[in-house]
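Novice: Pasting my_file_22.tsv here (TSV, N, CA, C and O atoms):
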```
chain	number	residue	atom	x	y	z
A	12	MET	N	-11.06	-14.47	-7.38
A	12	MET	CA	-11.32	-13.88	-6.08
A	12	MET	C	-12.83	-13.86	-5.87
A	12	MET	O	-13.58	-13.26	-6.64
A	13	ALA	N	-13.30	-14.48	-4.82
A	13	ALA	CA	-14.72	-14.61	-4.57
A	13	ALA	C	-15.34	-13.27	-4.16
A	13	ALA	O	-16.36	-12.87	-4.68
A	14	GLU	N	-14.74	-12.60	-3.22
A	14	GLU	CA	-15.25	-11.32	-2.74
A	14	GLU	C	-14.12	-10.31	-2.66
A	14	GLU	O	-12.97	-10.67	-2.47
A	15	TYR	N	-14.49	-9.06	-2.77
A	15	TYR	CA	-13.50	-8.00	-2.65
A	15	TYR	C	-13.88	-7.12	-1.48
A	15	TYR	O	-15.01	-6.65	-1.40
A	16	ASP	N	-12.96	-6.92	-0.58
A	16	ASP	CA	-13.18	-6.07	0.58
A	16	ASP	C	-12.10	-4.99	0.57
A	16	ASP	O	-10.95	-5.25	0.92
A	17	LEU	N	-12.47	-3.80	0.14
A	17	LEU	CA	-11.52	-2.70	0.01
A	17	LEU	C	-10.80	-2.40	1.33
A	17	LEU	O	-9.58	-2.22	1.34
A	18	ILE	N	-11.53	-2.37	2.42
A	18	ILE	CA	-10.91	-2.01	3.70
A	18	ILE	C	-9.86	-3.04	4.11
A	18	ILE	O	-8.76	-2.68	4.51
A	19	THR	N	-10.19	-4.32	3.97
A	19	THR	CA	-9.21	-5.37	4.32
A	19	THR	C	-8.00	-5.29	3.40
A	19	THR	O	-6.86	-5.39	3.86
A	20	HIS	N	-8.23	-5.12	2.13
A	20	HIS	CA	-7.14	-5.04	1.15
A	20	HIS	C	-6.22	-3.86	1.48
A	20	HIS	O	-4.99	-4.00	1.49
A	21	MET	N	-6.80	-2.71	1.74
A	21	MET	CA	-6.01	-1.52	2.07
A	21	MET	C	-5.29	-1.68	3.41
A	21	MET	O	-4.15	-1.23	3.56
A	22	THR	N	-5.94	-2.29	4.38
A	22	THR	CA	-5.33	-2.49	5.69
A	22	THR	C	-4.09	-3.38	5.57
A	22	THR	O	-3.06	-3.09	6.16
A	23	ARG	N	-4.19	-4.43	4.79
A	23	ARG	CA	-3.02	-5.31	4.58
A	23	ARG	C	-1.89	-4.55	3.90
A	23	ARG	O	-0.72	-4.71	4.25
A	24	PHE	N	-2.24	-3.75	2.92
A	24	PHE	CA	-1.24	-2.95	2.22
A	24	PHE	C	-0.54	-2.01	3.19
A	24	PHE	O	0.70	-1.95	3.24
A	25	CYS	N	-1.31	-1.30	3.99
A	25	CYS	CA	-0.73	-0.35	4.95
A	25	CYS	C	0.11	-1.07	6.00
A	25	CYS	O	1.18	-0.59	6.39
A	26	ARG	N	-0.36	-2.21	6.47
A	26	ARG	CA	0.40	-2.99	7.45
A	26	ARG	C	1.75	-3.43	6.87
A	26	ARG	O	2.78	-3.36	7.53
A	27	THR	N	1.74	-3.84	5.62
A	27	THR	CA	2.98	-4.26	4.97
A	27	THR	C	3.93	-3.07	4.83
A	27	THR	O	5.13	-3.20	5.10
A	28	LEU	N	3.41	-1.93	4.43
A	28	LEU	CA	4.26	-0.74	4.34
A	28	LEU	C	4.91	-0.44	5.69
A	28	LEU	O	6.10	-0.15	5.77
A	29	ARG	N	4.13	-0.52	6.76
A	29	ARG	CA	4.66	-0.27	8.11
A	29	ARG	C	5.74	-1.29	8.47
A	29	ARG	O	6.79	-0.95	9.01
A	30	GLU	N	5.50	-2.57	8.16
A	30	GLU	CA	6.48	-3.61	8.46
A	30	GLU	C	7.79	-3.39	7.71
A	30	GLU	O	8.84	-3.79	8.18
A	31	TYR	N	7.71	-2.74	6.57
A	31	TYR	CA	8.91	-2.44	5.79
A	31	TYR	C	9.53	-1.10	6.16
A	31	TYR	O	10.46	-0.64	5.52
A	32	GLY	N	8.99	-0.45	7.18
A	32	GLY	CA	9.63	0.75	7.71
A	32	GLY	C	9.00	2.08	7.35
A	32	GLY	O	9.50	3.12	7.79
A	33	LEU	N	7.94	2.09	6.56
A	33	LEU	CA	7.29	3.36	6.27
A	33	LEU	C	6.51	3.82	7.49
A	33	LEU	O	6.06	3.00	8.29
A	34	LEU	N	6.35	5.11	7.62
A	34	LEU	CA	5.66	5.68	8.77
A	34	LEU	C	4.15	5.65	8.53
A	34	LEU	O	3.51	6.68	8.30
A	35	VAL	N	3.59	4.46	8.58
A	35	VAL	CA	2.18	4.26	8.31
A	35	VAL	C	1.55	3.60	9.53
A	35	VAL	O	1.82	2.45	9.84
A	36	GLY	N	0.73	4.35	10.23
A	36	GLY	CA	0.03	3.84	11.39
A	36	GLY	C	-1.46	3.78	11.14
A	36	GLY	O	-1.91	3.95	10.00
A	37	PRO	N	-2.24	3.56	12.18
A	37	PRO	CA	-3.69	3.46	12.02
A	37	PRO	C	-4.32	4.71	11.39
A	37	PRO	O	-5.23	4.60	10.57
A	38	GLN	N	-3.83	5.88	11.75
A	38	GLN	CA	-4.40	7.11	11.19
A	38	GLN	C	-4.14	7.20	9.69
A	38	GLN	O	-5.03	7.55	8.92
A	39	GLU	N	-2.93	6.88	9.28
A	39	GLU	CA	-2.60	6.92	7.85
A	39	GLU	C	-3.41	5.88	7.08
A	39	GLU	O	-3.85	6.13	5.96
A	40	ALA	N	-3.59	4.70	7.69
A	40	ALA	CA	-4.40	3.66	7.04
A	40	ALA	C	-5.84	4.13	6.86
A	40	ALA	O	-6.43	3.95	5.79
A	41	ALA	N	-6.40	4.74	7.89
A	41	ALA	CA	-7.77	5.27	7.79
A	41	ALA	C	-7.84	6.38	6.74
A	41	ALA	O	-8.79	6.43	5.95
A	42	ASP	N	-6.84	7.25	6.71
A	42	ASP	CA	-6.79	8.32	5.71
A	42	ASP	C	-6.72	7.72	4.30
A	42	ASP	O	-7.36	8.23	3.37
A	43	ALA	N	-5.94	6.65	4.13
A	43	ALA	CA	-5.80	6.01	2.82
A	43	ALA	C	-7.13	5.44	2.35
A	43	ALA	O	-7.51	5.62	1.19
A	44	VAL	N	-7.85	4.78	3.24
A	44	VAL	CA	-9.15	4.22	2.87
A	44	VAL	C	-10.11	5.33	2.46
A	44	VAL	O	-10.80	5.23	1.44
A	45	ARG	N	-10.14	6.39	3.25
A	45	ARG	CA	-11.03	7.53	2.91
A	45	ARG	C	-10.62	8.16	1.58
A	45	ARG	O	-11.47	8.48	0.74
A	46	ALA	N	-9.34	8.35	1.38
A	46	ALA	CA	-8.86	9.01	0.16
A	46	ALA	C	-9.17	8.17	-1.07
A	46	ALA	O	-9.61	8.70	-2.10
A	47	VAL	N	-8.94	6.87	-0.99
A	47	VAL	CA	-9.22	6.00	-2.13
A	47	VAL	C	-10.71	5.97	-2.44
A	47	VAL	O	-11.11	5.87	-3.60
A	48	GLY	N	-11.53	6.11	-1.41
A	48	GLY	CA	-12.96	6.16	-1.63
A	48	GLY	C	-13.42	7.38	-2.41
A	48	GLY	O	-14.53	7.42	-2.92
A	49	ALA	N	-12.55	8.37	-2.53
A	49	ALA	CA	-12.90	9.61	-3.21
A	49	ALA	C	-12.43	9.65	-4.67
A	49	ALA	O	-12.68	10.62	-5.37
A	50	VAL	N	-11.75	8.60	-5.12
A	50	VAL	CA	-11.27	8.56	-6.50
A	50	VAL	C	-11.88	7.36	-7.22
A	50	VAL	O	-12.38	6.43	-6.59
A	51	GLU	N	-11.79	7.37	-8.51
A	51	GLU	CA	-12.28	6.26	-9.33
A	51	GLU	C	-11.34	5.06	-9.14
A	51	GLU	O	-10.17	5.12	-9.51
A	52	LEU	N	-11.86	3.99	-8.54
A	52	LEU	CA	-11.03	2.84	-8.20
A	52	LEU	C	-10.51	2.09	-9.42
A	52	LEU	O	-9.53	1.35	-9.31
A	53	MET	N	-11.12	2.27	-10.57
A	53	MET	CA	-10.67	1.57	-11.76
A	53	MET	C	-9.55	2.32	-12.49
A	53	MET	O	-9.02	1.84	-13.47
A	54	GLU	N	-9.18	3.48	-12.00
A	54	GLU	CA	-8.11	4.26	-12.62
A	54	GLU	C	-6.85	4.13	-11.79
A	54	GLU	O	-6.66	4.79	-10.77
A	55	ARG	N	-5.98	3.26	-12.24
A	55	ARG	CA	-4.75	2.94	-11.51
A	55	ARG	C	-3.96	4.17	-11.13
A	55	ARG	O	-3.48	4.31	-10.01
A	56	GLY	N	-3.79	5.08	-12.06
A	56	GLY	CA	-3.00	6.29	-11.80
A	56	GLY	C	-3.57	7.13	-10.68
A	56	GLY	O	-2.82	7.62	-9.83
A	57	ARG	N	-4.85	7.29	-10.66
A	57	ARG	CA	-5.48	8.09	-9.60
A	57	ARG	C	-5.31	7.42	-8.24
A	57	ARG	O	-5.05	8.08	-7.24
A	58	VAL	N	-5.49	6.11	-8.20
A	58	VAL	CA	-5.32	5.38	-6.94
A	58	VAL	C	-3.86	5.47	-6.49
A	58	VAL	O	-3.58	5.74	-5.32
A	59	TYR	N	-2.93	5.28	-7.42
A	59	TYR	CA	-1.50	5.34	-7.09
A	59	TYR	C	-1.14	6.70	-6.48
A	59	TYR	O	-0.55	6.77	-5.41
A	60	TRP	N	-1.48	7.78	-7.18
A	60	TRP	CA	-1.09	9.11	-6.71
A	60	TRP	C	-1.78	9.47	-5.40
A	60	TRP	O	-1.21	10.14	-4.54
A	61	THR	N	-3.00	9.01	-5.23
A	61	THR	CA	-3.73	9.27	-3.99
A	61	THR	C	-3.04	8.58	-2.82
A	61	THR	O	-2.76	9.20	-1.78
A	62	LEU	N	-2.74	7.30	-2.98
A	62	LEU	CA	-2.09	6.56	-1.89
A	62	LEU	C	-0.66	7.05	-1.66
A	62	LEU	O	-0.21	7.14	-0.52
A	63	ARG	N	0.02	7.38	-2.72
A	63	ARG	CA	1.38	7.90	-2.57
A	63	ARG	C	1.38	9.19	-1.76
A	63	ARG	O	2.22	9.38	-0.87
A	64	ALA	N	0.44	10.07	-2.03
A	64	ALA	CA	0.36	11.34	-1.30
A	64	ALA	C	0.06	11.12	0.18
A	64	ALA	O	0.56	11.84	1.03
A	65	VAL	N	-0.73	10.12	0.49
A	65	VAL	CA	-1.14	9.87	1.87
A	65	VAL	C	-0.10	9.05	2.64
A	65	VAL	O	0.13	9.29	3.83
A	66	LEU	N	0.56	8.10	1.98
A	66	LEU	CA	1.34	7.10	2.70
A	66	LEU	C	2.86	7.24	2.60
A	66	LEU	O	3.57	6.60	3.37
A	67	VAL	N	3.35	8.04	1.69
A	67	VAL	CA	4.81	8.17	1.53
A	67	VAL	C	5.26	9.48	2.15
A	67	VAL	O	4.75	10.54	1.83
A	68	SER	N	6.23	9.38	3.06
A	68	SER	CA	6.75	10.56	3.76
A	68	SER	C	8.10	11.02	3.22
A	68	SER	O	8.43	12.19	3.33
A	69	ARG	N	8.88	10.07	2.71
A	69	ARG	CA	10.24	10.39	2.29
A	69	ARG	C	10.51	9.84	0.89
A	69	ARG	O	9.99	8.79	0.51
A	70	ARG	N	11.33	10.54	0.18
A	70	ARG	CA	11.67	10.14	-1.20
A	70	ARG	C	12.26	8.73	-1.26
A	70	ARG	O	11.98	7.98	-2.19
A	71	ASP	N	13.05	8.35	-0.27
A	71	ASP	CA	13.69	7.03	-0.31
A	71	ASP	C	12.69	5.88	-0.13
A	71	ASP	O	13.02	4.73	-0.35
A	72	GLU	N	11.44	6.20	0.21
A	72	GLU	CA	10.40	5.18	0.36
A	72	GLU	C	9.73	4.83	-0.98
A	72	GLU	O	9.02	3.84	-1.07
A	73	LEU	N	9.97	5.65	-2.00
A	73	LEU	CA	9.26	5.48	-3.27
A	73	LEU	C	9.48	4.13	-3.95
A	73	LEU	O	8.50	3.51	-4.39
A	74	PRO	N	10.71	3.62	-4.07
A	74	PRO	CA	10.86	2.32	-4.74
A	74	PRO	C	10.08	1.20	-4.05
A	74	PRO	O	9.44	0.39	-4.71
A	75	LEU	N	10.12	1.17	-2.74
A	75	LEU	CA	9.38	0.16	-2.00
A	75	LEU	C	7.88	0.36	-2.17
A	75	LEU	O	7.13	-0.59	-2.41
A	76	PHE	N	7.41	1.59	-2.04
A	76	PHE	CA	5.99	1.87	-2.23
A	76	PHE	C	5.55	1.40	-3.62
A	76	PHE	O	4.52	0.75	-3.76
A	77	ASP	N	6.34	1.73	-4.64
A	77	ASP	CA	5.98	1.34	-6.01
A	77	ASP	C	5.87	-0.18	-6.13
A	77	ASP	O	4.92	-0.69	-6.74
A	78	GLU	N	6.83	-0.89	-5.58
A	78	GLU	CA	6.81	-2.35	-5.65
A	78	GLU	C	5.57	-2.92	-4.96
A	78	GLU	O	4.88	-3.79	-5.51
A	79	LEU	N	5.29	-2.44	-3.77
A	79	LEU	CA	4.16	-2.97	-3.02
A	79	LEU	C	2.83	-2.50	-3.62
A	79	LEU	O	1.84	-3.24	-3.58
A	80	PHE	N	2.80	-1.31	-4.19
A	80	PHE	CA	1.58	-0.86	-4.87
A	80	PHE	C	1.24	-1.78	-6.04
A	80	PHE	O	0.08	-2.11	-6.27
A	81	ASP	N	2.26	-2.20	-6.79
A	81	ASP	CA	2.01	-3.12	-7.90
A	81	ASP	C	1.35	-4.40	-7.40
A	81	ASP	O	0.44	-4.93	-8.03
A	82	ARG	N	1.78	-4.90	-6.25
A	82	ARG	CA	1.15	-6.08	-5.66
A	82	ARG	C	-0.28	-5.78	-5.24
A	82	ARG	O	-1.17	-6.61	-5.42
A	83	LEU	N	-0.49	-4.62	-4.65
A	83	LEU	CA	-1.84	-4.22	-4.26
A	83	LEU	C	-2.75	-4.20	-5.48
A	83	LEU	O	-3.85	-4.75	-5.46
A	84	TRP	N	-2.30	-3.56	-6.54
A	84	TRP	CA	-3.12	-3.36	-7.72
A	84	TRP	C	-3.45	-4.67	-8.42
A	84	TRP	O	-4.54	-4.84	-8.96
A	85	THR	N	-2.52	-5.62	-8.42
A	85	THR	CA	-2.73	-6.89	-9.11
A	85	THR	C	-3.24	-7.99	-8.18
A	85	THR	O	-3.37	-9.13	-8.59
A	86	PHE	N	-3.52	-7.63	-6.94
A	86	PHE	CA	-4.04	-8.56	-5.94
A	86	PHE	C	-3.07	-9.69	-5.61
A	86	PHE	O	-3.48	-10.75	-5.18
A	87	GLU	N	-1.76	-9.45	-5.85
A	87	GLU	CA	-0.77	-10.43	-5.42
A	87	GLU	C	-0.69	-10.36	-3.90
A	87	GLU	O	-0.86	-9.30	-3.31
A	88	PRO	N	-0.41	-11.49	-3.27
A	88	PRO	CA	-0.27	-11.45	-1.81
A	88	PRO	C	0.86	-10.52	-1.39
A	88	PRO	O	1.89	-10.44	-2.06
A	89	MET	N	0.65	-9.83	-0.29
A	89	MET	CA	1.70	-8.97	0.25
A	89	MET	C	2.76	-9.86	0.88
A	89	MET	O	2.45	-10.92	1.44
A	90	PRO	N	4.03	-9.46	0.79
A	90	PRO	CA	5.08	-10.26	1.42
A	90	PRO	C	4.82	-10.33	2.92
A	90	PRO	O	4.32	-9.38	3.53
A	91	THR	N	5.18	-11.45	3.52
A	91	THR	CA	4.91	-11.62	4.94
A	91	THR	C	6.05	-11.13	5.82
A	91	THR	O	5.85	-10.90	6.99
A	92	ARG	N	7.22	-10.98	5.26
A	92	ARG	CA	8.36	-10.57	6.07
A	92	ARG	C	9.30	-9.73	5.21
A	92	ARG	O	9.67	-10.15	4.13
A	93	PRO	N	9.69	-8.58	5.72
A	93	PRO	CA	10.66	-7.78	4.96
A	93	PRO	C	11.98	-8.54	4.77
A	93	PRO	O	12.37	-9.29	5.65
A	94	PRO	N	12.63	-8.35	3.65
A	94	PRO	CA	13.91	-9.01	3.43
A	94	PRO	C	14.92	-8.60	4.51
A	94	PRO	O	14.97	-7.45	4.94
A	95	GLY	N	15.70	-9.57	4.96
A	95	GLY	CA	16.73	-9.30	5.97
A	95	GLY	C	16.23	-9.20	7.38
A	95	GLY	O	16.98	-8.88	8.28
A	96	ARG	N	14.97	-9.49	7.63
A	96	ARG	CA	14.43	-9.41	8.98
A	96	ARG	C	14.04	-10.79	9.52
A	96	ARG	O	13.15	-10.92	10.33
A	97	ASN	N	14.71	-11.82	9.06
A	97	ASN	CA	14.38	-13.15	9.53
A	97	ASN	C	15.34	-13.66	10.59
A	97	ASN	O	15.45	-14.84	10.82
A	98	GLY	N	16.05	-12.73	11.22
A	98	GLY	CA	16.94	-13.09	12.32
A	98	GLY	C	18.34	-13.47	11.90
A	98	GLY	O	19.15	-13.84	12.71
A	99	ASP	N	18.64	-13.33	10.58
A	99	ASP	CA	19.98	-13.72	10.14
A	99	ASP	C	20.91	-12.55	9.96
A	99	ASP	O	21.98	-12.68	9.40
A	100	GLY	N	20.53	-11.39	10.43
A	100	GLY	CA	21.47	-10.31	10.29
A	100	GLY	C	20.85	-9.04	10.46
A	100	GLY	O	21.08	-8.00	10.55
```
Could you express the structure from this file as structure tokens?

Specialist:
Amino acid sequence: MAEYDLITHMTRFCRTLREYGLLVGPQEAADAVRAVGAVELMERGRVYWTLRAVLVSRRDELPLFDELFDRLWTFEPMPTRPPGRNGDG
């Protein structure tokens, strides 16, 4: 990775969460960026718990959040389309 842009990375993560049905809008995305800026970025656990507190509203969102957080943390590309939303059902 040539350059790292925290705001872009977090914005993509939040956008993906919203596309998958989590209640994450512009305010939550801004809150997430601010919150992550207040913790040690090299400590996965602190980043995880910080984002989870800001971005997860319901218990049933946890498995999806965990899956997408793993992609965020390892810099894997975020999925472009939620499963089952390609017009086939």

Novice: From the DSSP assignment of the backbone, select every residue of chain A that is helix (DSSP H, G or I), and format the answer as a count of residues only.

Specialist: 53

Novice: What gap, in Å, lies between CA of Arg69 (chain A) and CA of Leu34 (chain A)?

Specialist: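 Taking CA of Arg69 (chain A) and CA of Leu34 (chain A), their separation equals 9.2 Å.
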
Novice: Using all atoms listed in the file, determine which residues lie at most 8 Å from Thr27 (chain A), disregarding the query and same-chain residues fewer than 3 positions distant; provide the list as a list in words.

Specialist: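 Using all atoms listed in the file, the neighbours found are His20, Met21, Thr22, Arg23, Phe24, Glu30, Tyr31, Gly32, Leu33, Val35, Leu79, Met89, Pro90, Thr91, Arg92 and Pro93 of chain A.
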
Novice: Considering only C-alpha atoms, can you say which of A:Gly48, A:Thr19, A:Met53, A:Val65 comes closest to Gly36 (chain A)?

Specialist: A:Val65

Novice: Return as JSON the centre and edge lengths, in Å with one decimal, of the box along x, y and z that encloses every atom of region 21-34 of chain A in the file, padded by 3 Å per side.

Specialist:
```
{"center_x": 1.8, "center_y": 0.7, "center_z": 5.4, "size_x": 23.3, "size_y": 18.0, "size_z": 13.3}
```

Novice: What does the structure give for the distance between atom N of Ala49 (chain A) and atom O of Leu62 (chain A), in Å to one decimal?

Specialist: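 Going from atom N of Ala49 (chain A) over to atom O of Leu62 (chain A) covers 12.6 Å.
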
Novice: Which is closer to Arg26 (chain A) than all the others in A:Ala46, A:Leu83, A:Glu54, A:Tyr59, using only C-alpha atoms?

Specialist: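 Nearest candidate to Arg26 (chain A) out of A:Ala46, A:Leu83, A:Glu54, A:Tyr59: A:Leu83.
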
Novice: Could you state the separation of CA of Val67 (chain A) and CA of Glu51 (chain A) in Å, given to one decimal place?

Specialist: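 Distance reported for this atom pair: 20.3 Å.
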